[in-house]
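Shown here: work37.cif, mmCIF, C-alpha atoms.
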```cif
data_coords
#
loop_
_atom_site.group_PDB
_atom_site.id
_atom_site.type_symbol
_atom_site.label_atom_id
_atom_site.label_comp_id
_atom_site.auth_asym_id
_atom_site.auth_seq_id
_atom_site.Cartn_x
_atom_site.Cartn_y
_atom_site.Cartn_z
ATOM 1 C CA MET A 1 16.188 -80.526 -31.736
ATOM 2 C CA LYS A 2 18.625 -81.173 -28.917
ATOM 3 C CA ASN A 3 20.624 -78.090 -29.841
ATOM 4 C CA LYS A 4 17.559 -75.915 -29.690
ATOM 5 C CA LYS A 5 16.671 -77.265 -26.302
ATOM 6 C CA TYR A 6 20.210 -76.728 -25.104
ATOM 7 C CA GLU A 7 20.228 -73.125 -26.336
ATOM 8 C CA LYS A 8 16.981 -72.484 -24.566
ATOM 9 C CA ILE A 9 18.394 -73.723 -21.279
ATOM 10 C CA VAL A 10 21.615 -71.750 -21.742
ATOM 11 C CA SER A 11 19.803 -68.519 -22.525
ATOM 12 C CA LYS A 12 17.698 -68.999 -19.409
ATOM 13 C CA TYR A 13 20.733 -69.167 -17.127
ATOM 14 C CA LYS A 14 23.006 -66.748 -18.974
ATOM 15 C CA ALA A 15 23.540 -63.532 -17.023
ATOM 16 C CA ASN A 16 21.376 -60.867 -18.556
ATOM 17 C CA GLU A 17 23.789 -57.967 -19.008
ATOM 18 C CA ASN A 18 22.594 -54.484 -19.629
ATOM 19 C CA ARG A 19 24.877 -53.228 -22.383
ATOM 20 C CA THR A 20 23.784 -49.605 -22.160
ATOM 21 C CA LEU A 21 24.491 -49.519 -18.435
ATOM 22 C CA ASN A 22 27.897 -51.158 -19.007
ATOM 23 C CA ALA A 23 28.848 -48.542 -21.593
ATOM 24 C CA PHE A 24 27.611 -45.741 -19.334
ATOM 25 C CA MET A 25 29.601 -47.026 -16.341
ATOM 26 C CA ALA A 26 32.704 -47.372 -18.527
ATOM 27 C CA PHE A 27 32.195 -43.776 -19.716
ATOM 28 C CA LEU A 28 31.748 -42.480 -16.167
ATOM 29 C CA ILE A 29 34.684 -44.311 -14.560
ATOM 30 C CA GLY A 30 36.970 -43.843 -17.568
ATOM 31 C CA GLY A 31 36.194 -40.148 -17.596
ATOM 32 C CA LEU A 32 36.866 -39.970 -13.871
ATOM 33 C CA ILE A 33 40.289 -41.568 -14.374
ATOM 34 C CA GLY A 34 40.965 -38.998 -17.119
ATOM 35 C CA VAL A 35 40.043 -36.162 -14.755
ATOM 36 C CA ILE A 36 42.296 -37.646 -12.050
ATOM 37 C CA GLY A 37 45.128 -37.799 -14.612
ATOM 38 C CA GLU A 38 44.711 -34.167 -15.662
ATOM 39 C CA GLY A 39 44.293 -33.085 -12.031
ATOM 40 C CA LEU A 40 47.475 -34.895 -10.992
ATOM 41 C CA ILE A 41 49.422 -33.279 -13.855
ATOM 42 C CA GLU A 42 48.283 -29.812 -12.778
ATOM 43 C CA PHE A 43 48.980 -30.634 -9.124
ATOM 44 C CA PHE A 44 52.546 -31.796 -9.847
ATOM 45 C CA CYS A 45 53.194 -28.782 -12.103
ATOM 46 C CA TYR A 46 51.998 -26.412 -9.390
ATOM 47 C CA LYS A 47 53.588 -28.159 -6.425
ATOM 48 C CA PHE A 48 57.034 -29.124 -7.745
ATOM 49 C CA HIS A 49 57.440 -26.489 -10.505
ATOM 50 C CA ILE A 50 58.205 -29.028 -13.231
ATOM 51 C CA SER A 51 57.318 -29.090 -16.930
ATOM 52 C CA ARG A 52 54.076 -30.659 -18.167
ATOM 53 C CA SER A 53 55.795 -33.614 -19.833
ATOM 54 C CA GLU A 54 57.671 -34.468 -16.628
ATOM 55 C CA ALA A 55 54.485 -34.108 -14.639
ATOM 56 C CA SER A 56 52.647 -36.501 -16.974
ATOM 57 C CA SER A 57 55.378 -39.117 -16.373
ATOM 58 C CA TYR A 58 54.876 -38.708 -12.620
ATOM 59 C CA MET A 59 51.105 -38.954 -13.128
ATOM 60 C CA MET A 60 51.479 -42.281 -14.969
ATOM 61 C CA ILE A 61 53.789 -43.666 -12.279
ATOM 62 C CA THR A 62 51.279 -42.634 -9.591
ATOM 63 C CA LEU A 63 48.364 -44.312 -11.397
ATOM 64 C CA ILE A 64 50.437 -47.466 -12.005
ATOM 65 C CA PHE A 65 51.401 -47.566 -8.324
ATOM 66 C CA VAL A 66 47.798 -47.208 -7.142
ATOM 67 C CA ALA A 67 46.500 -49.821 -9.613
ATOM 68 C CA SER A 68 49.226 -52.314 -8.676
ATOM 69 C CA LEU A 69 48.542 -51.806 -4.977
ATOM 70 C CA CYS A 70 44.777 -52.255 -5.443
ATOM 71 C CA THR A 71 45.381 -55.443 -7.440
ATOM 72 C CA ALA A 72 47.737 -56.822 -4.796
ATOM 73 C CA LEU A 73 45.251 -56.024 -2.024
ATOM 74 C CA GLY A 74 42.603 -57.883 -4.010
ATOM 75 C CA PHE A 75 39.849 -55.354 -4.651
ATOM 76 C CA PHE A 76 40.725 -54.197 -8.175
ATOM 77 C CA ASP A 77 38.814 -57.122 -9.691
ATOM 78 C CA LYS A 78 35.693 -56.175 -7.741
ATOM 79 C CA LEU A 79 35.972 -52.614 -9.046
ATOM 80 C CA VAL A 80 36.353 -53.939 -12.610
ATOM 81 C CA ASN A 81 33.047 -55.786 -12.177
ATOM 82 C CA TYR A 82 31.354 -52.388 -11.880
ATOM 83 C CA ALA A 83 33.576 -50.192 -14.019
ATOM 84 C CA ARG A 84 34.283 -52.684 -16.832
ATOM 85 C CA CYS A 85 36.444 -51.130 -19.528
ATOM 86 C CA GLY A 86 36.572 -47.880 -17.571
ATOM 87 C CA LEU A 87 39.432 -49.369 -15.557
ATOM 88 C CA LEU A 88 40.871 -51.759 -18.158
ATOM 89 C CA ILE A 89 41.549 -49.315 -20.989
ATOM 90 C CA PRO A 90 43.418 -46.624 -18.994
ATOM 91 C CA ILE A 91 47.011 -47.283 -17.918
ATOM 92 C CA THR A 92 45.582 -48.816 -14.716
ATOM 93 C CA GLY A 93 44.549 -51.894 -16.734
ATOM 94 C CA PHE A 94 48.118 -52.344 -17.943
ATOM 95 C CA ALA A 95 49.461 -52.281 -14.382
ATOM 96 C CA HIS A 96 46.629 -54.550 -13.227
ATOM 97 C CA SER A 97 47.367 -57.211 -15.857
ATOM 98 C CA MET A 98 51.058 -57.294 -14.926
ATOM 99 C CA THR A 99 50.509 -57.432 -11.170
ATOM 100 C CA SER A 100 47.743 -60.039 -11.358
ATOM 101 C CA ALA A 101 49.864 -62.291 -13.629
ATOM 102 C CA ALA A 102 52.799 -61.953 -11.244
ATOM 103 C CA LEU A 103 50.591 -62.737 -8.236
ATOM 104 C CA ASP A 104 48.881 -65.701 -9.910
ATOM 105 C CA TYR A 105 52.115 -67.476 -10.840
ATOM 106 C CA ARG A 106 53.955 -66.561 -7.638
ATOM 107 C CA LYS A 107 53.613 -70.074 -6.218
ATOM 108 C CA GLU A 108 55.658 -71.483 -9.121
ATOM 109 C CA GLY A 109 58.744 -69.701 -7.906
ATOM 110 C CA LEU A 110 60.585 -66.439 -8.393
ATOM 111 C CA VAL A 111 62.110 -67.241 -11.799
ATOM 112 C CA THR A 112 59.757 -69.724 -13.453
ATOM 113 C CA GLY A 113 56.714 -68.115 -11.838
ATOM 114 C CA ILE A 114 56.996 -64.336 -11.504
ATOM 115 C CA GLY A 115 59.859 -63.867 -13.950
ATOM 116 C CA ALA A 116 58.470 -65.970 -16.775
ATOM 117 C CA ASN A 117 54.811 -64.983 -16.508
ATOM 118 C CA MET A 118 54.729 -61.293 -15.593
ATOM 119 C CA PHE A 119 54.203 -60.224 -19.223
ATOM 120 C CA LYS A 120 51.750 -63.002 -19.996
ATOM 121 C CA LEU A 121 48.821 -60.570 -20.401
ATOM 122 C CA ALA A 122 50.571 -57.217 -20.819
ATOM 123 C CA GLY A 123 52.972 -58.549 -23.450
ATOM 124 C CA THR A 124 50.531 -58.191 -26.328
ATOM 125 C CA VAL A 125 50.170 -54.460 -25.671
ATOM 126 C CA ILE A 126 53.933 -53.927 -25.710
ATOM 127 C CA ILE A 127 54.556 -56.181 -28.725
ATOM 128 C CA TYR A 128 51.819 -54.728 -30.937
ATOM 129 C CA GLY A 129 52.717 -51.226 -29.789
ATOM 130 C CA ILE A 130 56.347 -51.655 -30.806
ATOM 131 C CA VAL A 131 55.624 -53.456 -34.083
ATOM 132 C CA SER A 132 53.069 -50.857 -35.160
ATOM 133 C CA ALA A 133 55.217 -47.921 -33.980
ATOM 134 C CA TRP A 134 58.221 -49.274 -35.903
ATOM 135 C CA PHE A 135 56.104 -49.875 -38.993
ATOM 136 C CA PHE A 136 54.436 -46.456 -38.944
ATOM 137 C CA GLY A 137 57.726 -44.773 -38.061
ATOM 138 C CA MET A 138 59.414 -46.298 -41.117
ATOM 139 C CA ILE A 139 56.498 -45.178 -43.294
ATOM 140 C CA ARG A 140 56.836 -41.653 -41.915
ATOM 141 C CA LEU A 141 60.585 -41.674 -42.643
ATOM 142 C CA LEU A 142 60.063 -42.953 -46.194
ATOM 143 C CA ILE A 143 57.386 -40.374 -46.968
ATOM 144 C CA GLY A 144 59.455 -37.602 -45.432
ATOM 145 C CA GLU A 145 58.591 -34.772 -43.126
ATOM 146 C CA MET B 1 38.301 -26.597 -19.465
ATOM 147 C CA LEU B 2 41.022 -29.229 -19.750
ATOM 148 C CA LEU B 3 39.337 -31.171 -16.961
ATOM 149 C CA ILE B 4 36.031 -31.347 -18.865
ATOM 150 C CA ASN B 5 37.807 -32.329 -22.093
ATOM 151 C CA SER B 6 39.732 -34.994 -20.172
ATOM 152 C CA PHE B 7 36.519 -36.428 -18.780
ATOM 153 C CA LEU B 8 34.803 -36.530 -22.158
ATOM 154 C CA PHE B 9 37.748 -37.936 -24.133
ATOM 155 C CA ALA B 10 38.825 -40.648 -21.656
ATOM 156 C CA GLY B 11 35.192 -41.558 -21.019
ATOM 157 C CA ALA B 12 34.411 -41.804 -24.732
ATOM 158 C CA ILE B 13 37.382 -44.115 -25.359
ATOM 159 C CA CYS B 14 36.422 -46.388 -22.454
ATOM 160 C CA ALA B 15 32.756 -46.459 -23.544
ATOM 161 C CA LEU B 16 33.818 -47.324 -27.119
ATOM 162 C CA ALA B 17 35.958 -50.177 -25.794
ATOM 163 C CA GLN B 18 33.061 -51.416 -23.664
ATOM 164 C CA ILE B 19 30.686 -51.373 -26.636
ATOM 165 C CA ILE B 20 33.188 -53.352 -28.740
ATOM 166 C CA LEU B 21 33.687 -55.812 -25.858
ATOM 167 C CA ASP B 22 29.961 -56.371 -25.360
ATOM 168 C CA ASN B 23 29.000 -56.784 -28.991
ATOM 169 C CA THR B 24 31.874 -58.881 -30.347
ATOM 170 C CA LYS B 25 33.792 -61.947 -29.218
ATOM 171 C CA LEU B 26 37.023 -59.996 -28.691
ATOM 172 C CA THR B 27 38.714 -60.222 -25.289
ATOM 173 C CA PRO B 28 40.082 -57.192 -23.379
ATOM 174 C CA GLY B 29 43.536 -58.234 -24.622
ATOM 175 C CA HIS B 30 42.445 -57.848 -28.242
ATOM 176 C CA ILE B 31 40.879 -54.469 -27.554
ATOM 177 C CA THR B 32 43.890 -52.999 -25.739
ATOM 178 C CA SER B 33 46.143 -54.205 -28.586
ATOM 179 C CA ILE B 34 43.857 -52.610 -31.181
ATOM 180 C CA PHE B 35 43.793 -49.346 -29.229
ATOM 181 C CA VAL B 36 47.585 -49.239 -28.953
ATOM 182 C CA VAL B 37 47.860 -49.682 -32.731
ATOM 183 C CA ILE B 38 45.271 -46.926 -33.253
ATOM 184 C CA GLY B 39 47.254 -44.622 -30.945
ATOM 185 C CA SER B 40 50.503 -45.121 -32.828
ATOM 186 C CA ALA B 41 48.720 -44.804 -36.189
ATOM 187 C CA LEU B 42 47.205 -41.477 -35.121
ATOM 188 C CA ASP B 43 50.596 -40.136 -34.098
ATOM 189 C CA THR B 44 52.282 -41.042 -37.394
ATOM 190 C CA PHE B 45 51.250 -37.638 -38.695
ATOM 191 C CA SER B 46 51.108 -35.934 -35.275
ATOM 192 C CA ILE B 47 47.323 -36.081 -34.963
ATOM 193 C CA TYR B 48 47.507 -37.473 -31.443
ATOM 194 C CA ASP B 49 49.837 -34.606 -30.423
ATOM 195 C CA LYS B 50 47.076 -32.171 -31.317
ATOM 196 C CA ILE B 51 44.559 -34.221 -29.321
ATOM 197 C CA VAL B 52 46.903 -34.093 -26.301
ATOM 198 C CA GLU B 53 47.163 -30.308 -26.685
ATOM 199 C CA VAL B 54 43.385 -29.915 -26.613
ATOM 200 C CA VAL B 55 42.500 -32.636 -24.107
ATOM 201 C CA GLY B 56 45.504 -32.626 -21.775
ATOM 202 C CA GLY B 57 45.846 -35.391 -19.197
ATOM 203 C CA GLY B 58 42.733 -37.214 -20.363
ATOM 204 C CA ALA B 59 44.511 -38.195 -23.570
ATOM 205 C CA MET B 60 47.591 -39.430 -21.667
ATOM 206 C CA VAL B 61 45.647 -41.877 -19.484
ATOM 207 C CA PRO B 62 44.065 -44.351 -21.979
ATOM 208 C CA ILE B 63 46.243 -47.084 -23.470
ATOM 209 C CA THR B 64 46.213 -45.272 -26.846
ATOM 210 C CA SER B 65 48.758 -42.856 -25.378
ATOM 211 C CA PHE B 66 51.141 -45.794 -24.941
ATOM 212 C CA GLY B 67 51.306 -46.255 -28.715
ATOM 213 C CA HIS B 68 51.555 -42.494 -29.153
ATOM 214 C CA LEU B 69 54.502 -42.254 -26.750
ATOM 215 C CA LEU B 70 56.316 -45.170 -28.430
ATOM 216 C CA ILE B 71 56.219 -43.634 -31.893
ATOM 217 C CA HIS B 72 56.733 -40.094 -30.559
ATOM 218 C CA GLY B 73 60.060 -41.022 -28.973
ATOM 219 C CA ALA B 74 61.069 -43.027 -32.038
ATOM 220 C CA LEU B 75 60.346 -40.171 -34.460
ATOM 221 C CA ALA B 76 62.061 -37.615 -32.220
ATOM 222 C CA LYS B 77 65.267 -39.662 -32.312
ATOM 223 C CA ALA B 78 64.810 -40.464 -36.003
ATOM 224 C CA SER B 79 64.884 -36.772 -36.886
ATOM 225 C CA THR B 80 68.589 -36.686 -35.999
ATOM 226 C CA MET B 81 69.715 -40.288 -36.563
ATOM 227 C CA GLY B 82 67.527 -41.648 -39.353
ATOM 228 C CA PRO B 83 66.284 -45.258 -39.329
ATOM 229 C CA LEU B 84 68.600 -46.161 -36.439
ATOM 230 C CA GLY B 85 66.831 -43.561 -34.339
ATOM 231 C CA ILE B 86 63.517 -45.386 -34.661
ATOM 232 C CA VAL B 87 65.011 -48.457 -33.006
ATOM 233 C CA MET B 88 66.921 -46.474 -30.393
ATOM 234 C CA GLY B 89 64.261 -43.993 -29.400
ATOM 235 C CA MET B 90 61.367 -46.441 -29.161
ATOM 236 C CA PHE B 91 61.406 -46.675 -25.360
ATOM 237 C CA ASP B 92 62.555 -43.118 -24.629
ATOM 238 C CA LEU B 93 59.214 -41.880 -23.297
ATOM 239 C CA THR B 94 57.519 -45.100 -22.190
ATOM 240 C CA ALA B 95 60.501 -46.417 -20.220
ATOM 241 C CA SER B 96 59.331 -44.738 -17.010
ATOM 242 C CA GLY B 97 55.908 -46.379 -17.195
ATOM 243 C CA ILE B 98 57.138 -49.854 -18.135
ATOM 244 C CA THR B 99 59.969 -49.833 -15.582
ATOM 245 C CA SER B 100 57.775 -48.640 -12.737
ATOM 246 C CA ALA B 101 55.056 -51.172 -13.653
ATOM 247 C CA ILE B 102 57.624 -54.005 -13.573
ATOM 248 C CA ILE B 103 59.120 -52.857 -10.267
ATOM 249 C CA PHE B 104 55.794 -52.297 -8.484
ATOM 250 C CA SER B 105 54.329 -55.607 -9.692
ATOM 251 C CA PHE B 106 57.460 -57.494 -8.666
ATOM 252 C CA ILE B 107 57.554 -55.951 -5.192
ATOM 253 C CA PHE B 108 53.821 -56.469 -4.606
ATOM 254 C CA ALA B 109 53.931 -60.039 -5.963
ATOM 255 C CA VAL B 110 56.730 -60.871 -3.524
ATOM 256 C CA ILE B 111 55.102 -59.166 -0.539
ATOM 257 C CA PHE B 112 51.409 -60.034 -0.972
ATOM 258 C CA LYS B 113 49.694 -63.398 -1.294
ATOM 259 C CA PRO B 114 47.093 -63.830 -4.078
ATOM 260 C CA LYS B 115 43.513 -63.493 -2.918
ATOM 261 C CA ASN B 116 40.654 -65.200 -4.675
#
```

Once more with this new file: its structure as structure tokens, please.
Amino acid sequence: MKNKKYEKIVSKYKANENRTLNAFMAFLIGGLIGVIGEGLIEFFCYKFHISRSEASSYMMITLIFVASLCTALGFFDKLVNYARCGLLIPITGFAHSMTSAALDYRKEGLVTGIGANMFKLAGTVIIYGIVSAWFFGMIRLLIGE
Amino acid sequence: MLLINSFLFAGAICALAQIILDNTKLTPGHITSIFVVIGSALDTFSIYDKIVEVVGGGAMVPITSFGHLLIHGALAKASTMGPLGIVMGMFDLTASGITSAIIFSFIFAVIFKPKN
């Protein structure tokens, strides 16, 4: 009985999120970031006469720089409230997680704070990326070309 | 044409992630990890390379491309060096992104104060 009552109260105060709108916003903002990425690649290719693969490296560095700066200035989190996964899944989310972890633990010192905690959130991406890439790479080698 | 493909592909991946996030108990950390694994799995037999050819920059932006770049560099080195190449070439293509992310976050963390 008490549980039922409790659930009733919780459901009354729980934020009513519109899942369709969330997915649509993620689609819109994520797509926009994709367009910015492709646009930057074409811009760098045209402006500096470099190959596409080099230009895509520059594009990633640019996006990482902008995302880190926005996080440090404090308005990336507000954007995430609207864009949701649209900003977390692109490479901007990776930069955001590193910068926000570094900023959060800054008061604990340069080594035990920033140094020890920078990869607190971004570490899982790197670790699972490397483990899976090694695993799949070995499979590919064993199977052959 | 590449711009439209970029919009659709990057948007679809982000919308998929948002749907998973809303309807399960997984955190964004789980979802990014899953997507990285999917990216490297797709590139095991060069499927992601074909997606990048068709989609362009839109396929390089989502976190799936991180997994793709890891295994791409590893396999490129492995073609000349064998199993040792997988270990050596792992960071060949992603090094620029990881290094710049570390440097920018360190500089900004030292300069700026956290805002709540």

Q: Fewer than 5 positions away in the same chain doesn't count, so skip those; otherwise give me all residues within 12 Å of Gly74 (chain A), counting only C-alpha atoms, as a PyMOL selection string.
A: (chain A and resi 67-69+79-80+96+99-100+103-104) or (chain B and resi 108-109+112-116)

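Between CA of Pro62 (chain B) and CA of Met59 (chain A) the interatomic distance comes to 12.5 Å.
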
Q | Check: which chain A residues lie within 8 Å of chain B using only C-alpha atoms, as an MDAnalysis selection string | A | chainID A and resid 19 22:35 37:39 41 56:57 60:61 64:65 68:69 72:74 84:86 88:91 94:95 98:99 102:104 106 114 121 124:125 128:130 132:134 136:138 140:141

Q. Please, what distance in Å, to one decimal, runs between CA of Phe119 (chain A) and CA of Leu26 (chain B)?
A. 19.6 Å

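Distance-wise, CA of Ala55 (chain A) and CA of Leu40 (chain A) end up 7.9 Å apart.
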